[in-house]
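*Asks:* Below you will find the structure I want to go over with you.
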Amino acid sequence: MKRRRRFWTVVDKLESQIDRGIYPVGSRLPAERELADTHQVSRPTIREAIIALEVRDRVEVKTGSGVFVTDNCKVETVDQPISAFELTQARALVEAEAAALAAATIQEPELAALKQSLEDMKVPDMAIEADQRFHEIIAKSTRNNAIVMSIQNLWKLRRSEPQIIAAYEDVCSQSDEQRLQEHTSIYEAIANKDSSAARKAMHNHFNRLINSLFAASEKKALEEIRRKTNETRGLYSISHLTQ
């Protein structure tokens with residue numbers, strides 16, 4: 001936990017400096033050694049912070065050149081509303097293939113960051129953020145910018161559309177242990193370089209999620225029917241006449 005706090009402290013400080021223009025879009029961040037000295041942390045902690053900034057699309061790591069500040073990509077709006085079911089199905093299709101590809105392309109620092117996100121999921125206050133970070137690390141490790149953009153935009157819909165937020169809150173808060181188990185299975189498949197198992201594990205995760213969404217939706221529908229029935233019963237009841 002202490003190491004995690006150091007790592008996220010660096011992320012927060014660097015993001016703040018980027019937002020304030022100290023490191024403008026297109027500029028290069030100081031070298032790893034200099035950042036470690038400035039923030040008084042180890043170089044591995046700096047590497048983890050850079051990975052986190054990269055999955056958030058705040059920086060781009062260019063091999064041999066350094067780490068450069070990027071412009072945040074914007075999610076495109078659509079004319080028709082997107083339901084939680086549509087979003088979950090789309091995520092299942094895209095992220096299962098991303099996991100399969102990541103199993104062949106992921107590097108050790110990303111694998112370490114992926115494992116750390118699993119540890120963070122065990123902490124209730126960090127679980128949602130760690131969940132998103134887990135999926136974004138997988139996306140980045142595919143080395144495919146189109147996949148990265150697609151998954152980032154799907155997550156932005158997940159975190160910005162009120163109806164989707166409400167639908168996910170109904171199911172995610174009730175399955176913390178199961179969610180952790182599913183993400184652990186995904187991690188183990190990727191760590192074992194097993195693309196087929198990674199795809200299956202991601203499909204299993206989203207299959208459980210979409211079934212939970214349907215169950216929550218059915219429960220709400222039944223509650224609404226019961227409420228309307230009780231209102232009607234109260235309106236037309238003659239029990240007060242027989243007392």
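Ordering of the structure tokens sets the chain letters (A, B, ...); residue numbers start at 1 within each chain; ligands are numbered from 1 in the order shown.
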Can you tell me, as a list in words, what residues are no more than 12 Å from A:Ala201 when counting only C-alpha atoms, ignoring any on the same chain fewer than 5 positions away?
*Replies:* Ala92, Glu95, Ala96, Glu97, Ala98, Ala99, Ala100, Ala103, Arg179, Gln181, Glu182, His183, Thr184, Ser185, Ile186, Tyr187, Glu188, Ala189, Ile190, Asp194, Ser195, Ser196, Phe206, Asn207 and Arg208 of chain A
*Asks:* Which of stretch 47-113 of chain A counts as helix (DSSP H, G or I) under DSSP, as a PyMOL selection string please?
*Replies:* chain A and resi 47-55+84-105+108-113
*Asks:* Store the residues picked out above in a file with C-alpha atoms, as a compact mmCIF listing (two decimals), in the first residue's frame.
*Replies:*
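Result file is part.txt:
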```txt
# COMPACT_ATOMS: atom_id res chain seq x y z
CA ARG A 47 8.11 3.57 -14.47
CA GLU A 48 4.80 2.52 -12.94
CA ALA A 49 3.64 6.15 -12.88
CA ILE A 50 4.54 6.57 -16.57
CA ILE A 51 2.58 3.42 -17.46
CA ALA A 52 -0.44 4.80 -15.59
CA LEU A 53 -0.15 8.12 -17.44
CA GLU A 54 0.19 6.24 -20.72
CA VAL A 55 -2.97 4.18 -20.20
CA ALA A 84 -25.71 -0.49 -20.80
CA PHE A 85 -26.47 -3.71 -22.68
CA GLU A 86 -25.15 -2.33 -25.99
CA LEU A 87 -22.05 -0.96 -24.31
CA THR A 88 -21.33 -4.24 -22.53
CA GLN A 89 -21.74 -6.27 -25.71
CA ALA A 90 -19.40 -3.92 -27.59
CA ARG A 91 -16.84 -4.09 -24.79
CA ALA A 92 -17.01 -7.88 -24.80
CA LEU A 93 -16.31 -8.04 -28.53
CA VAL A 94 -13.46 -5.52 -28.52
CA GLU A 95 -11.82 -6.29 -25.20
CA ALA A 96 -11.81 -10.07 -25.64
CA GLU A 97 -9.76 -9.68 -28.81
CA ALA A 98 -7.56 -7.09 -27.11
CA ALA A 99 -6.84 -9.58 -24.32
CA ALA A 100 -5.99 -12.27 -26.87
CA LEU A 101 -3.58 -9.92 -28.63
CA ALA A 102 -2.11 -8.64 -25.37
CA ALA A 103 -1.22 -12.20 -24.37
CA ALA A 104 1.27 -12.17 -27.24
CA THR A 105 2.53 -8.59 -26.95
CA GLU A 108 7.02 -7.15 -18.14
CA PRO A 109 6.42 -3.59 -16.80
CA GLU A 110 2.85 -3.72 -18.10
CA LEU A 111 2.35 -7.16 -16.61
CA ALA A 112 3.57 -5.84 -13.25
CA ALA A 113 1.18 -2.88 -13.48
```
*Asks:* Give the answer as one residue: which of A:Ile164, A:Ala215, A:Leu114, A:Ile82 has the shortest atom-to-atom distance to A:Ala139, using only C-alpha atoms?
*Replies:*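 Using only C-alpha atoms, the shortest distance to A:Ala139 belongs to A:Leu114.
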*Asks:* Determine, for each residue of stretch 98-160 of chain A having at least one atom at most 12 Å from an atom of stretch 3-26 of chain A, the closest pair of atoms and their separation in Å to one decimal, counting only C-alpha atoms; order by chain and ascending number, as a Markdown table.
*Replies:*
```
| residue | atom | partner | partner_atom | distance |
| --- | --- | --- | --- | --- |
| A:Ala113 | CA | A:Arg4 | CA | 10.6 |
| A:Gln116 | CA | A:Arg4 | CA | 8.3 |
| A:Ser117 | CA | A:Arg4 | CA | 9.8 |
| A:Glu119 | CA | A:Arg4 | CA | 9.7 |
| A:Asp120 | CA | A:Arg4 | CA | 8.5 |
| A:Val123 | CA | A:Arg4 | CA | 11.7 |
| A:Met126 | CA | A:Arg4 | CA | 11.1 |
| A:Glu129 | CA | A:Trp8 | CA | 11.8 |
| A:Ala130 | CA | A:Arg4 | CA | 11.6 |
```
*Asks:* For the residues selected in the previous step, produce a file with N, CA and C atoms as an mmCIF file, in the first residue's frame.
*Replies:*
```cif
data_model
loop_
_atom_site.group_PDB
_atom_site.id
_atom_site.type_symbol
_atom_site.label_atom_id
_atom_site.label_comp_id
_atom_site.auth_asym_id
_atom_site.auth_seq_id
_atom_site.Cartn_x
_atom_site.Cartn_y
_atom_site.Cartn_z
ATOM 1 N N ALA A 113 2.229 -3.871 -13.745
ATOM 2 C CA ALA A 113 1.180 -2.881 -13.485
ATOM 3 C C ALA A 113 -0.193 -3.541 -13.470
ATOM 4 N N GLN A 116 -0.568 -5.199 -10.174
ATOM 5 C CA GLN A 116 -0.805 -4.210 -9.124
ATOM 6 C C GLN A 116 -2.263 -3.750 -9.123
ATOM 7 N N SER A 117 -2.839 -3.624 -10.298
ATOM 8 C CA SER A 117 -4.242 -3.206 -10.368
ATOM 9 C C SER A 117 -5.155 -4.246 -9.731
ATOM 10 N N GLU A 119 -4.321 -6.023 -7.112
ATOM 11 C CA GLU A 119 -4.199 -5.765 -5.678
ATOM 12 C C GLU A 119 -5.070 -4.572 -5.273
ATOM 13 N N ASP A 120 -5.094 -3.550 -6.122
ATOM 14 C CA ASP A 120 -5.880 -2.351 -5.814
ATOM 15 C C ASP A 120 -7.381 -2.633 -5.845
ATOM 16 N N VAL A 123 -9.233 -3.196 -2.573
ATOM 17 C CA VAL A 123 -9.528 -2.064 -1.696
ATOM 18 C C VAL A 123 -10.797 -1.387 -2.216
ATOM 19 N N MET A 126 -10.768 1.895 -4.124
ATOM 20 C CA MET A 126 -9.952 1.928 -5.336
ATOM 21 C C MET A 126 -10.460 0.994 -6.425
ATOM 22 N N GLU A 129 -11.629 2.410 -10.038
ATOM 23 C CA GLU A 129 -10.502 2.988 -10.773
ATOM 24 C C GLU A 129 -9.520 1.899 -11.194
ATOM 25 N N ALA A 130 -9.267 0.943 -10.291
ATOM 26 C CA ALA A 130 -8.340 -0.145 -10.608
ATOM 27 C C ALA A 130 -8.888 -1.015 -11.731
#
```
*Asks:* For a test of reading the model, state the distance in Å between atom CA of A:Leu118 and atom CA of A:Arg133, rounded to one decimal.
*Replies:*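 Interatomic distance, atom CA of A:Leu118 to atom CA of A:Arg133: 9.6 Å.
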*Asks:* Let me make sure I understand: among A:Asp125, A:Asp71, A:Asp57, A:Asp131, which one has the smallest atom-to-atom distance to A:Ser27 if we use only C-alpha atoms?
*Replies:* A:Asp71
*Asks:* Just checking: using only C-alpha atoms, which residue out of A:Ile137, A:Ala146, A:Cys172, A:Ile106 ends up closest to A:His205?
*Replies:*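 Once distances to A:His205 are computed over only C-alpha atoms, the minimum belongs to A:Cys172.
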